[in-house]
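Undergrad: Next comes the structure file final17.txt, holding compact mmCIF, C-alpha atoms.
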```txt
# COMPACT_ATOMS: atom_id res chain seq x y z
CA MET A 1 -54.30 -94.05 48.64
CA ASN A 2 -51.46 -96.03 50.22
CA PHE A 3 -49.72 -97.55 47.18
CA LEU A 4 -47.89 -100.08 49.36
CA LEU A 5 -51.25 -101.57 50.32
CA ALA A 6 -53.03 -101.07 46.99
CA ILE A 7 -54.76 -104.16 45.75
CA VAL A 8 -55.11 -105.53 42.23
CA VAL A 9 -58.26 -107.45 41.36
CA SER A 10 -59.65 -108.92 38.15
CA ILE A 11 -63.23 -108.49 37.07
CA LEU A 12 -63.22 -112.23 36.35
CA SER A 13 -63.10 -112.85 40.11
CA TYR A 14 -66.41 -111.02 40.40
CA GLY A 15 -68.22 -113.01 37.75
CA ALA A 16 -67.55 -111.07 34.54
CA VAL A 17 -68.10 -113.13 31.42
CA PRO A 18 -66.03 -112.40 28.29
CA ASN A 19 -67.04 -112.74 24.66
CA ASP A 20 -70.79 -113.01 25.21
CA THR A 21 -72.74 -110.01 23.91
CA THR A 22 -75.92 -111.15 25.69
CA VAL A 23 -74.38 -110.67 29.15
CA ASN A 24 -74.37 -107.29 30.92
CA ASN A 25 -71.20 -107.32 32.99
CA ALA A 26 -71.94 -104.00 34.73
CA ASN A 27 -72.78 -105.62 38.08
CA ALA A 28 -69.53 -107.61 38.16
CA ILE A 29 -67.39 -104.61 37.17
CA ASN A 30 -69.11 -102.24 39.61
CA THR A 31 -68.79 -104.74 42.45
CA ALA A 32 -65.08 -105.11 41.74
CA ILE A 33 -64.63 -101.32 41.73
CA SER A 34 -66.61 -100.87 44.96
CA ASP A 35 -64.77 -103.66 46.73
CA CYS A 36 -61.42 -102.20 45.66
CA ALA A 37 -62.41 -98.70 46.83
CA ASP A 38 -63.73 -99.98 50.17
CA LYS A 39 -60.37 -101.66 50.81
CA GLY A 40 -58.45 -98.42 50.32
CA GLY A 41 -58.12 -98.27 46.54
CA GLY A 42 -56.08 -100.04 43.91
CA VAL A 43 -56.40 -101.45 40.43
CA VAL A 44 -59.31 -103.26 38.82
CA GLU A 45 -58.07 -105.22 35.81
CA VAL A 46 -60.02 -106.00 32.66
CA PRO A 47 -58.23 -108.96 31.04
CA GLU A 48 -58.08 -109.87 27.37
CA GLY A 49 -61.52 -110.43 25.88
CA THR A 50 -64.65 -108.47 25.06
CA PHE A 51 -66.88 -107.59 28.01
CA THR A 52 -70.30 -106.16 27.19
CA THR A 53 -71.51 -103.72 29.82
CA GLY A 54 -74.01 -101.04 30.70
CA SER A 55 -73.12 -98.17 33.00
CA VAL A 56 -69.97 -98.49 35.11
CA PHE A 57 -69.17 -96.17 38.03
CA LEU A 58 -65.59 -95.30 38.97
CA ARG A 59 -64.70 -94.65 42.61
CA SER A 60 -62.02 -92.51 44.24
CA GLY A 61 -58.61 -94.14 44.43
CA VAL A 62 -59.42 -96.82 41.86
CA THR A 63 -57.73 -97.23 38.49
CA LEU A 64 -59.51 -99.31 35.86
CA ARG A 65 -56.77 -101.05 33.88
CA LEU A 66 -57.54 -102.32 30.40
CA ASN A 67 -55.00 -104.99 29.55
CA GLU A 68 -53.89 -105.51 25.96
CA GLY A 69 -56.67 -107.17 24.04
CA ALA A 70 -59.28 -106.07 26.58
CA VAL A 71 -62.45 -104.42 25.24
CA LEU A 72 -65.28 -102.89 27.23
CA LEU A 73 -68.19 -102.92 24.78
CA GLY A 74 -71.25 -100.76 25.33
CA SER A 75 -74.48 -102.72 25.62
CA SER A 76 -76.88 -102.41 22.70
CA ARG A 77 -79.80 -101.90 25.13
CA LEU A 78 -80.47 -98.27 26.14
CA SER A 79 -82.10 -99.57 29.34
CA ASP A 80 -78.64 -100.67 30.52
CA TYR A 81 -77.43 -97.06 30.76
CA SER A 82 -77.90 -94.71 33.71
CA SER A 83 -78.16 -90.91 33.68
CA LEU A 84 -75.97 -88.51 35.61
CA VAL A 85 -76.91 -88.07 39.28
CA THR A 86 -75.14 -85.22 41.06
CA ASP A 87 -75.82 -82.43 43.56
CA LEU A 88 -73.61 -80.06 41.57
CA ASP A 89 -75.25 -77.05 39.95
CA LEU A 90 -74.11 -77.41 36.34
CA SER A 91 -76.62 -74.98 34.82
CA ARG A 92 -73.80 -72.60 33.86
CA TYR A 93 -72.68 -75.09 31.23
CA GLU A 94 -75.94 -75.55 29.37
CA SER A 95 -75.88 -74.77 25.65
CA GLY A 96 -78.00 -74.91 22.53
CA GLN A 97 -81.17 -73.71 24.22
CA GLY A 98 -84.16 -73.86 21.92
CA THR A 99 -82.53 -76.16 19.38
CA VAL A 100 -82.19 -79.88 18.75
CA ASN A 101 -78.67 -79.48 20.18
CA TYR A 102 -79.86 -78.42 23.64
CA ASN A 103 -77.47 -79.82 26.25
CA SER A 104 -78.31 -79.89 29.94
CA ALA A 105 -76.76 -82.07 32.64
CA THR A 106 -80.25 -82.41 34.15
CA ASP A 107 -81.63 -83.98 30.96
CA PRO A 108 -81.73 -87.75 31.58
CA GLN A 109 -81.28 -88.49 27.88
CA TRP A 110 -78.34 -86.11 27.33
CA SER A 111 -76.58 -87.28 30.49
CA LYS A 112 -76.62 -91.03 29.86
CA ALA A 113 -73.16 -92.58 29.80
CA MET A 114 -71.33 -95.88 29.65
CA ILE A 115 -68.72 -94.99 32.30
CA PHE A 116 -69.27 -92.41 35.04
CA ALA A 117 -66.90 -90.70 37.44
CA VAL A 118 -68.85 -88.44 39.80
CA GLY A 119 -67.05 -86.67 42.64
CA CYS A 120 -64.01 -88.90 42.23
CA VAL A 121 -60.52 -88.04 43.44
CA GLY A 122 -57.38 -89.82 42.28
CA ALA A 123 -59.12 -92.28 39.95
CA GLY A 124 -58.66 -93.07 36.28
CA ILE A 125 -58.41 -95.50 33.41
CA GLU A 126 -55.22 -96.80 31.83
CA GLY A 127 -53.85 -99.57 29.65
CA ALA A 128 -53.49 -100.79 26.10
CA GLY A 129 -57.11 -101.94 25.76
CA CYS A 130 -60.18 -100.33 24.23
CA ILE A 131 -63.54 -98.88 25.22
CA ASP A 132 -66.03 -99.43 22.41
CA GLY A 133 -69.13 -97.29 22.84
CA GLY A 134 -71.05 -99.50 20.43
CA ASP A 135 -72.65 -96.51 18.60
CA VAL A 136 -75.94 -97.01 20.45
CA ARG A 137 -78.50 -94.57 19.03
CA ASN A 138 -81.25 -92.95 21.10
CA PRO A 139 -84.27 -91.44 19.29
CA LEU A 140 -84.96 -89.32 22.41
CA GLY A 141 -81.41 -87.98 22.49
CA GLU A 142 -79.80 -84.91 20.97
CA GLU A 143 -80.72 -84.50 17.28
CA HIS A 144 -83.10 -87.46 17.84
CA MET A 145 -80.22 -89.88 17.44
CA ARG A 146 -77.34 -89.39 19.87
CA GLY A 147 -76.93 -92.07 22.50
CA PRO A 148 -74.89 -92.34 25.71
CA HIS A 149 -71.54 -90.60 26.11
CA THR A 150 -68.75 -93.11 26.48
CA LEU A 151 -67.21 -91.48 29.57
CA LEU A 152 -68.80 -88.76 31.71
CA LEU A 153 -66.92 -87.06 34.56
CA ALA A 154 -68.49 -84.55 36.95
CA GLY A 155 -66.88 -82.76 39.89
CA CYS A 156 -63.68 -84.81 39.76
CA HIS A 157 -60.10 -84.02 40.77
CA GLU A 158 -56.71 -85.53 39.99
CA MET A 159 -58.00 -87.90 37.33
CA LYS A 160 -55.73 -89.71 34.88
CA MET A 161 -56.87 -91.09 31.54
CA ARG A 162 -53.99 -92.60 29.59
CA ASP A 163 -52.87 -94.99 26.89
CA PHE A 164 -56.18 -96.61 25.87
CA LYS A 165 -58.45 -96.29 22.83
CA VAL A 166 -62.05 -95.08 22.62
CA LYS A 167 -64.05 -95.83 19.50
CA ARG A 168 -67.63 -95.77 18.17
CA SER A 169 -68.91 -93.32 20.76
CA ALA A 170 -72.66 -92.81 20.55
CA ASN A 171 -72.15 -89.17 21.55
CA TYR A 172 -68.99 -87.64 23.08
CA ALA A 173 -66.07 -89.91 23.84
CA PHE A 174 -65.37 -87.83 26.97
CA LEU A 175 -67.73 -85.30 28.55
CA ALA A 176 -66.49 -83.60 31.71
CA TYR A 177 -68.01 -81.00 34.02
CA ARG A 178 -65.97 -79.19 36.69
CA LEU A 179 -62.76 -81.15 36.23
CA ASP A 180 -59.59 -80.06 38.06
CA ARG A 181 -55.91 -81.06 38.13
CA SER A 182 -56.36 -83.88 35.65
CA ALA A 183 -54.66 -85.28 32.55
CA PHE A 184 -55.59 -87.01 29.31
CA SER A 185 -52.47 -88.50 27.76
CA ASN A 186 -51.58 -90.83 24.89
CA LEU A 187 -55.22 -91.58 24.09
CA THR A 188 -56.58 -92.68 20.72
CA ILE A 189 -60.14 -91.62 19.90
CA GLU A 190 -61.83 -92.78 16.72
CA GLY A 191 -65.25 -91.83 15.33
CA GLY A 192 -68.31 -90.59 17.16
CA TRP A 193 -69.10 -86.95 17.85
CA ASP A 194 -66.77 -84.79 20.02
CA GLY A 195 -63.58 -86.38 21.30
CA ILE A 196 -62.74 -84.63 24.59
CA HIS A 197 -65.37 -82.08 25.62
CA ILE A 198 -64.80 -80.29 28.95
CA ARG A 199 -67.13 -77.68 30.47
CA GLY A 200 -65.51 -76.03 33.46
CA SER A 201 -61.94 -76.97 34.41
CA LYS A 202 -58.76 -75.83 36.07
CA ASP A 203 -55.24 -77.19 35.51
CA VAL A 204 -56.10 -79.81 32.89
CA ARG A 205 -53.64 -81.22 30.36
CA ILE A 206 -54.44 -82.97 27.08
CA GLU A 207 -51.21 -84.29 25.63
CA LYS A 208 -49.97 -86.70 22.98
CA CYS A 209 -53.49 -87.75 22.02
CA ARG A 210 -54.57 -88.89 18.56
CA ILE A 211 -58.15 -87.80 18.01
CA HIS A 212 -60.02 -88.55 14.78
CA THR A 213 -63.69 -87.63 15.14
CA GLY A 214 -66.74 -86.72 13.11
CA ASP A 215 -67.42 -83.66 15.27
CA ASP A 216 -65.03 -81.40 17.22
CA ALA A 217 -61.86 -83.15 18.33
CA ILE A 218 -61.53 -81.05 21.52
CA ALA A 219 -64.29 -78.71 22.72
CA GLY A 220 -65.97 -77.00 25.67
CA GLY A 221 -65.08 -73.95 27.66
CA TYR A 222 -64.78 -72.09 30.93
CA TRP A 223 -61.27 -73.48 31.10
CA GLU A 224 -58.57 -72.12 33.41
CA LYS A 225 -54.98 -73.14 32.77
CA MET A 226 -55.75 -75.65 30.03
CA LYS A 227 -52.81 -76.97 28.02
CA ILE A 228 -53.32 -78.91 24.79
CA SER A 229 -49.98 -80.14 23.47
CA ARG A 230 -48.40 -82.58 21.03
CA CYS A 231 -51.75 -83.86 19.81
CA VAL A 232 -52.86 -85.00 16.36
CA LEU A 233 -56.36 -83.66 15.71
CA ASN A 234 -58.44 -84.67 12.70
CA SER A 235 -62.08 -83.72 12.44
CA SER A 236 -64.99 -83.25 10.07
CA CYS A 237 -65.81 -80.18 12.14
CA ASN A 238 -63.33 -78.19 14.27
CA GLY A 239 -59.98 -79.30 15.60
CA ILE A 240 -60.43 -77.26 18.80
CA ARG A 241 -63.67 -75.42 19.54
CA MET A 242 -64.06 -73.25 22.64
CA ILE A 243 -67.70 -72.21 23.17
CA MET A 244 -67.31 -70.61 26.62
CA PRO A 245 -64.65 -68.00 27.48
CA SER A 246 -61.40 -69.34 28.93
CA THR A 247 -58.20 -67.99 30.41
CA ASP A 248 -54.60 -69.19 30.29
CA LEU A 249 -55.19 -71.54 27.37
CA GLU A 250 -52.13 -72.90 25.58
CA VAL A 251 -52.27 -74.90 22.35
CA ALA A 252 -48.76 -76.05 21.44
CA ASP A 253 -47.01 -78.40 19.04
CA CYS A 254 -50.20 -79.88 17.61
CA ASN A 255 -50.90 -81.18 14.11
CA ILE A 256 -54.44 -80.25 13.05
CA TYR A 257 -55.62 -81.38 9.65
CA GLY A 258 -58.51 -82.36 7.40
CA PRO A 259 -60.47 -83.69 5.76
CA GLY A 260 -62.01 -85.85 8.47
CA GLN A 261 -61.30 -89.57 8.43
CA TYR A 262 -64.75 -90.06 9.97
CA GLU A 263 -67.77 -88.24 8.60
CA HIS A 264 -69.80 -85.73 10.56
CA ILE A 265 -72.63 -88.09 11.47
CA THR A 266 -75.42 -85.50 11.28
CA SER A 267 -74.47 -83.86 7.97
CA HIS A 268 -72.34 -86.68 6.46
CA ARG A 269 -69.65 -84.18 5.44
CA THR A 270 -65.93 -84.83 5.86
CA ARG A 271 -64.75 -81.26 5.17
CA SER A 272 -62.88 -79.81 8.13
CA GLU A 273 -63.98 -76.47 9.53
CA HIS A 274 -61.62 -74.31 11.60
CA ALA A 275 -58.38 -75.69 13.02
CA ILE A 276 -58.85 -73.59 16.18
CA ASN A 277 -62.22 -71.95 16.72
CA LEU A 278 -62.64 -69.71 19.78
CA GLU A 279 -66.25 -68.52 19.84
CA PRO A 280 -67.68 -67.92 23.33
CA GLY A 281 -71.43 -67.59 23.18
CA ALA A 282 -71.81 -69.56 19.96
CA TRP A 283 -74.13 -72.14 21.59
CA GLY A 284 -75.94 -70.00 24.16
CA LYS A 285 -75.13 -67.40 26.78
CA ALA A 286 -71.53 -67.67 27.97
CA PRO A 287 -70.59 -64.36 29.58
CA GLY A 288 -67.10 -63.59 30.74
CA ARG A 289 -63.60 -62.59 29.71
CA MET A 290 -61.23 -64.55 27.51
CA ASP A 291 -57.58 -63.80 28.16
CA ARG A 292 -54.00 -65.04 27.84
CA ILE A 293 -54.49 -67.32 24.86
CA PHE A 294 -51.21 -68.77 23.54
CA ILE A 295 -51.05 -70.69 20.25
CA ARG A 296 -47.52 -71.92 19.59
CA ARG A 297 -45.72 -74.09 17.02
CA ASN A 298 -48.78 -75.69 15.49
CA LYS A 299 -49.13 -77.13 11.98
CA VAL A 300 -52.41 -76.87 10.12
CA GLU A 301 -53.45 -78.36 6.79
CA SER A 302 -56.62 -78.67 4.68
CA VAL A 303 -59.01 -76.73 6.91
CA LEU A 304 -61.50 -73.90 6.38
CA SER A 305 -59.33 -71.51 8.40
CA PRO A 306 -56.31 -71.82 10.70
CA LEU A 307 -57.74 -69.65 13.50
CA CYS A 308 -61.19 -68.13 13.97
CA VAL A 309 -61.91 -65.95 17.03
CA THR A 310 -65.40 -64.48 17.39
CA LEU A 311 -66.56 -62.70 20.55
CA GLY A 312 -70.17 -62.49 21.65
CA GLU A 313 -71.58 -59.30 23.12
CA ASP A 314 -71.29 -60.73 26.66
CA ASN A 315 -67.54 -61.20 26.20
CA THR A 316 -64.30 -59.30 26.20
CA CYS A 317 -60.81 -60.54 25.36
CA GLY A 318 -57.40 -59.58 26.68
CA THR A 319 -54.39 -60.95 24.81
CA ILE A 320 -54.01 -63.55 22.07
CA VAL A 321 -50.51 -64.61 21.01
CA VAL A 322 -49.91 -66.75 17.90
CA GLU A 323 -46.34 -67.91 17.25
CA ASN A 324 -44.77 -70.20 14.66
CA LEU A 325 -48.05 -71.23 13.08
CA THR A 326 -47.68 -73.03 9.75
CA ALA A 327 -50.79 -73.45 7.60
CA ARG A 328 -51.22 -75.06 4.19
CA ASP A 329 -54.24 -75.64 1.96
CA VAL A 330 -56.48 -73.23 3.86
CA THR A 331 -59.53 -73.66 1.74
CA ARG A 332 -61.71 -70.58 2.21
CA MET A 333 -61.33 -68.29 5.23
CA ALA A 334 -58.73 -65.81 6.41
CA LEU A 335 -57.30 -66.03 9.90
CA SER A 336 -59.58 -63.77 11.94
CA VAL A 337 -60.01 -62.13 15.34
CA LYS A 338 -63.20 -60.09 15.56
CA SER A 339 -66.59 -59.37 17.03
CA TRP A 340 -69.58 -58.43 14.92
CA GLY A 341 -71.04 -56.16 17.59
CA THR A 342 -68.85 -54.07 19.89
CA ALA A 343 -67.09 -56.65 22.08
CA PRO A 344 -63.39 -55.68 22.24
CA THR A 345 -60.12 -57.58 22.13
CA ASP A 346 -57.19 -55.75 23.71
CA LYS A 347 -54.23 -57.10 21.74
CA VAL A 348 -53.40 -59.73 19.13
CA THR A 349 -49.78 -60.68 18.44
CA LEU A 350 -48.65 -62.84 15.52
CA LYS A 351 -44.99 -63.82 15.14
CA HIS A 352 -43.05 -66.07 12.76
CA CYS A 353 -46.07 -67.51 10.94
CA ASP A 354 -46.25 -68.94 7.42
CA LEU A 355 -49.80 -69.15 6.05
CA GLU A 356 -50.91 -70.38 2.63
CA PHE A 357 -54.47 -69.91 1.37
CA ASP A 358 -56.47 -71.07 -1.63
CA GLY A 359 -57.59 -68.09 -3.67
CA ILE A 360 -61.07 -67.39 -5.02
CA ASP A 361 -60.69 -66.55 -8.70
CA ASP A 362 -63.52 -64.02 -8.98
CA PRO A 363 -62.62 -60.47 -10.13
CA GLY A 364 -66.04 -59.21 -9.03
CA LEU A 365 -65.66 -60.37 -5.42
CA PRO A 366 -64.14 -57.18 -3.93
CA ALA A 367 -66.99 -55.04 -5.28
CA TRP A 368 -69.58 -57.49 -3.94
CA PHE A 369 -68.68 -56.50 -0.35
CA VAL A 370 -69.35 -52.79 -0.81
CA ASP A 371 -72.20 -51.74 1.51
CA ARG A 372 -72.99 -55.41 2.17
CA PRO A 373 -73.92 -56.21 5.82
CA THR A 374 -71.57 -58.60 7.58
CA SER A 375 -74.43 -61.03 8.20
CA GLU A 376 -74.39 -61.81 4.47
CA TRP A 377 -70.65 -62.38 4.12
CA PRO A 378 -69.87 -65.94 2.95
CA VAL A 379 -66.13 -65.17 3.28
CA PHE A 380 -64.11 -62.13 4.34
CA PRO A 381 -63.34 -59.18 2.06
CA CYS A 382 -59.67 -60.19 2.36
CA TRP A 383 -58.01 -63.57 1.92
CA GLY A 384 -55.26 -63.72 4.56
CA MET A 385 -56.02 -61.97 7.87
CA PHE A 386 -59.03 -60.04 9.17
CA PHE A 387 -59.23 -58.04 12.43
CA ARG A 388 -62.21 -56.15 13.82
CA ASN A 389 -62.70 -54.39 17.17
CA VAL A 390 -59.13 -54.96 18.34
CA GLY A 391 -57.12 -52.41 20.31
CA GLU A 392 -53.73 -53.41 18.90
CA VAL A 393 -52.55 -55.85 16.23
CA ASP A 394 -48.82 -56.54 16.43
CA VAL A 395 -47.52 -58.58 13.49
CA ARG A 396 -43.89 -59.60 13.05
CA ASP A 397 -42.40 -61.87 10.40
CA VAL A 398 -45.67 -63.25 9.02
CA THR A 399 -45.67 -64.68 5.49
CA LEU A 400 -48.94 -64.78 3.55
CA ARG A 401 -49.21 -66.78 0.33
CA VAL A 402 -52.18 -67.39 -1.94
CA LYS A 403 -52.63 -70.19 -4.49
CA GLY A 404 -54.59 -69.50 -7.66
CA GLY A 405 -56.42 -66.37 -8.72
CA GLU A 406 -57.31 -63.81 -6.06
CA TYR A 407 -58.51 -60.18 -6.28
CA ARG A 408 -59.14 -59.29 -2.63
CA LYS A 409 -56.63 -57.65 -0.32
CA ALA A 410 -54.33 -59.84 1.73
CA TYR A 411 -55.43 -58.37 5.07
CA MET A 412 -57.90 -55.91 6.51
CA CYS A 413 -58.55 -54.06 9.79
CA GLN A 414 -61.83 -52.57 10.95
CA ASN A 415 -61.99 -50.52 14.14
CA VAL A 416 -58.41 -51.42 15.08
CA GLY A 417 -56.63 -48.89 17.28
CA LYS A 418 -53.02 -49.64 16.37
CA GLU A 419 -51.48 -51.99 13.81
CA ASN A 420 -48.20 -52.58 11.97
CA LEU A 421 -49.31 -55.05 9.29
CA ALA A 422 -47.61 -53.22 6.43
CA LYS A 423 -44.25 -53.72 8.16
CA GLY A 424 -44.87 -57.14 9.68
CA VAL A 425 -46.42 -59.00 6.72
CA ARG A 426 -44.57 -60.43 3.75
CA GLN A 427 -46.63 -61.50 0.78
CA ALA A 428 -44.72 -64.34 -0.80
CA ASP A 429 -44.95 -65.53 -4.37
CA GLN A 430 -46.99 -68.64 -5.04
CA LYS A 431 -44.96 -71.82 -4.71
```
Would you write out, as structure tokens, the structure that this file holds?

TA:
Amino acid sequence: MNFLLAIVVSILSYGAVPNDTTVNNANAINTAISDCADKGGGVVEVPEGTFTTGSVFLRSGVTLRLNEGAVLLGSSRLSDYSSLVTDLDLSRYESGQGTVNYNSATDPQWSKAMIFAVGCVGAGIEGAGCIDGGDVRNPLGEEHMRGPHTLLLAGCHEMKMRDFKVKRSANYAFLAYRLDRSAFSNLTIEGGWDGIHIRGSKDVRIEKCRIHTGDDAIAGGYWEKMKISRCVLNSSCNGIRMIMPSTDLEVADCNIYGPGQYEHITSHRTRSEHAINLEPGAWGKAPGRMDRIFIRRNKVESVLSPLCVTLGEDNTCGTIVVENLTARDVTRMALSVKSWGTAPTDKVTLKHCDLEFDGIDDPGLPAWFVDRPTSEWPVFPCWGMFFRNVGEVDVRDVTLRVKGGEYRKAYMCQNVGKENLAKGVRQADQK
């Protein structure tokens, strides 16, 4: 796009009507976007006011700018929403087969969305305004209730999403397939199910976002060179959940905490699960190798566990490095890296971490685990760190602290080739 010739147009010039919930402004907004794209690209402005709309389609080279006080409100009529249309083969990213959580890009109910970007290059959304998904329920959708995603991107490159708010999503706030060289920055996401869910990406950054969701704050998988940094993540499920193996993932300088400010809509719970949950294969076949995972300078509070890594049998893992992790009020689970079958992890390194756990005051708990199959474990047979099927565990300057009564060991290794936990772990007195 030639920025010297870029145009700026208002949706008002194309007949958009503010503050009238009976009007579907999709035609006016889409005409403005198409006209802008056909003239070489530019900016389509949404001025102050509430504009009810069905599906909107971004085009390459066009930025949708939400001015302060501008709201795009999802129509209450399901008939106003389109389903994803693409020639891309997205079957690799299907999950939840055989359950009410089955997700397929070819399912016209699952793939409905309020705003689409399909095959776009150099497009995006910016501004101080808001996209309100309207919490439109669909009895034919996932779990017989989930409605359209708020934003759905497929096969896009060099996209920028920045500065605006997304609230009341009827499913995911963002769902992306095959997204490259793109950035999500300074976004606020409130309510709904997943916040930013990306399946298949390369060179994507999520930075300085504030995500408060009922389901996972950030999720997806098959990521290459993903960086999640300086975000505040609050969830009634997982802070970060990776369900397909990824490489060169960095999670840095984030604050991940519970309980959730918005309830998990399906179960109505607000208890947070794992701060970071890396579990390829958890929602269907996801073969491949996970490698070069870096978790640095994160703060975690009031979650089930600070880090949970579980490999499926179709997976292997190279290196995982955890540095300067601070965790408080970990309510039930030890930090863990494991597989329950034979899938191996090459090396786990933990350095300069300070982890505090709530104890389970049950003197009979250690004996309960004797000869008990892992499928029956409600917790681990240790309270601080658990490793299984790992080639090497390198621990340096890690403090473990437990609050309340506790009779289990602080850490445990099963089928670990080399470890130095006795030298690298300090068990601190309760504060």

Undergrad: My list of candidates is A:Asp107, A:Asp253, A:Glu68, A:Asp314. Which is closest to A:Val85 when distances are computed with only C-alpha atoms?

TA: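 For A:Val85, the nearest of the candidates is A:Asp107.
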
Undergrad: Which residues come within 10 Å of A:Gly312, counting all atoms listed in the file, excluding same-chain residues fewer than 4 positions away, as a list in words?

TA: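 My reading of the contact set: Met244, Pro245, Glu279, Pro280, Gly281, Ala282, Gly284, Lys285, Ala286, Pro287, Gly288, Thr316, Lys338, Ser339, Trp340, Gly341, Thr342, Ala343 and Pro344 of chain A.
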
Undergrad: Any idea what the distance is between atom CA of A:His157 and atom CA of A:Ile243?

TA: 22.5 Å

Undergrad: Looking at all atoms listed in the file, which of A:Ser82, A:Thr345, A:Ser235, A:Thr266 is the one that sits closest to A:Arg289?

TA: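 Using all atoms listed in the file, the shortest distance to A:Arg289 belongs to A:Thr345.
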
Undergrad: Which residues come within 12 Å of A:Ser229, counting all atoms listed in the file, excluding same-chain residues fewer than 5 positions away, as a PyMOL selection string?

TA: chain A and resi 183-186+204-210+218+240+249-256+294-299

Undergrad: Pick out the closest residue to A:Gly122 from this set: A:Asp180, A:Glu94, A:Lys160, A:Lys39. Count only C-alpha atoms.

TA: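 Of the candidates, the smallest distance to A:Gly122 is held by A:Lys160.
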
Undergrad: Env of A:Tyr14: 7 Å cut, atoms = only C-alpha atoms, seq-sep filter 2 positions within chain, self excluded. Answer as a PyMOL selection string.

TA: chain A and resi 11-12+16+28+32

Undergrad: Would you list the residues near (-62.7, -74.7, 18.5) (no more than 8 Å away, in the coordinates of the file, using all atoms listed in the file) as a PyMOL selection string?

TA: chain A and resi 216+218-219+238-243+274-279

Undergrad: Write the residues of the preceding selection, restricted to C-alpha atoms, as an mmCIF file, keeping the file's coordinate frame.

TA:
```
data_model
loop_
_atom_site.group_PDB
_atom_site.id
_atom_site.type_symbol
_atom_site.label_atom_id
_atom_site.label_comp_id
_atom_site.auth_asym_id
_atom_site.auth_seq_id
_atom_site.Cartn_x
_atom_site.Cartn_y
_atom_site.Cartn_z
ATOM 1 C CA ASP A 216 -65.030 -81.400 17.220
ATOM 2 C CA ILE A 218 -61.530 -81.050 21.520
ATOM 3 C CA ALA A 219 -64.290 -78.710 22.720
ATOM 4 C CA ASN A 238 -63.330 -78.190 14.270
ATOM 5 C CA GLY A 239 -59.980 -79.300 15.600
ATOM 6 C CA ILE A 240 -60.430 -77.260 18.800
ATOM 7 C CA ARG A 241 -63.670 -75.420 19.540
ATOM 8 C CA MET A 242 -64.060 -73.250 22.640
ATOM 9 C CA ILE A 243 -67.700 -72.210 23.170
ATOM 10 C CA HIS A 274 -61.620 -74.310 11.600
ATOM 11 C CA ALA A 275 -58.380 -75.690 13.020
ATOM 12 C CA ILE A 276 -58.850 -73.590 16.180
ATOM 13 C CA ASN A 277 -62.220 -71.950 16.720
ATOM 14 C CA LEU A 278 -62.640 -69.710 19.780
ATOM 15 C CA GLU A 279 -66.250 -68.520 19.840
#
```

Undergrad: Any idea what's packed within 10 Å of A:Gly318, counting only C-alpha atoms, ignoring anything in its chain fewer than 3 positions away? Could you give it as a PDB file with C-alpha atoms, in the coordinates of the input?

TA:
```pdb
ATOM      1  CA  THR A 247     -58.200 -67.990  30.410  1.00  0.00           C
ATOM      2  CA  ARG A 289     -63.600 -62.590  29.710  1.00  0.00           C
ATOM      3  CA  MET A 290     -61.230 -64.550  27.510  1.00  0.00           C
ATOM      4  CA  ASP A 291     -57.580 -63.800  28.160  1.00  0.00           C
ATOM      5  CA  ARG A 292     -54.000 -65.040  27.840  1.00  0.00           C
ATOM      6  CA  ILE A 293     -54.490 -67.320  24.860  1.00  0.00           C
ATOM      7  CA  PRO A 344     -63.390 -55.680  22.240  1.00  0.00           C
ATOM      8  CA  THR A 345     -60.120 -57.580  22.130  1.00  0.00           C
ATOM      9  CA  ASP A 346     -57.190 -55.750  23.710  1.00  0.00           C
ATOM     10  CA  LYS A 347     -54.230 -57.100  21.740  1.00  0.00           C
ATOM     11  CA  VAL A 348     -53.400 -59.730  19.130  1.00  0.00           C
ATOM     12  CA  VAL A 390     -59.130 -54.960  18.340  1.00  0.00           C
ATOM     13  CA  GLY A 391     -57.120 -52.410  20.310  1.00  0.00           C
TER      14      GLY A 391
END
```

Undergrad: Grab the atom CA of A:Leu88 to atom CA of A:Ser182 distance for me, in Å with one decimal place.

TA: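 Straight-line distance from atom CA of A:Leu88 to atom CA of A:Ser182 works out to 18.6 Å.
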
Undergrad: Which distance in Å separates atom CA of A:Pro366 and atom CA of A:Ile320, to one decimal?

TA: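 Computing it gives 28.6 Å between the two atoms.
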
Undergrad: Could you pull the residues within 8 Å of A:Leu335, counting all atoms listed in the file, minus those fewer than 4 positions along the same chain, as a list in words?

TA: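 With the cut-off at 8 Å, the set is Ser305, Pro306, Leu307, Cys308, Gly384, Met385 and Phe386 of chain A.
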
Undergrad: Kindly extract all protein, DNA and RNA residues lying within 10 Å of the coordinates (-72.4, -102.0, 27.0) given in the file, considering only C-alpha atoms, and supply them as number ranges by chain.

TA: A: 21-26, 51-56, 72-78, 80-81, 113-115, 131-134, 136, 150

Undergrad: Under the rule that all atoms listed in the file are counted, which of A:Ala428, A:Leu90, A:Cys120, A:Leu84 is the nearest residue to A:Thr399?

TA: A:Ala428

Undergrad: I'd like to know which of A:Thr86, A:Ser10, A:Ser302, A:Ser95 is closest to A:Leu153, using all atoms listed in the file.

TA: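 Smallest distance to A:Leu153 is found for A:Thr86.
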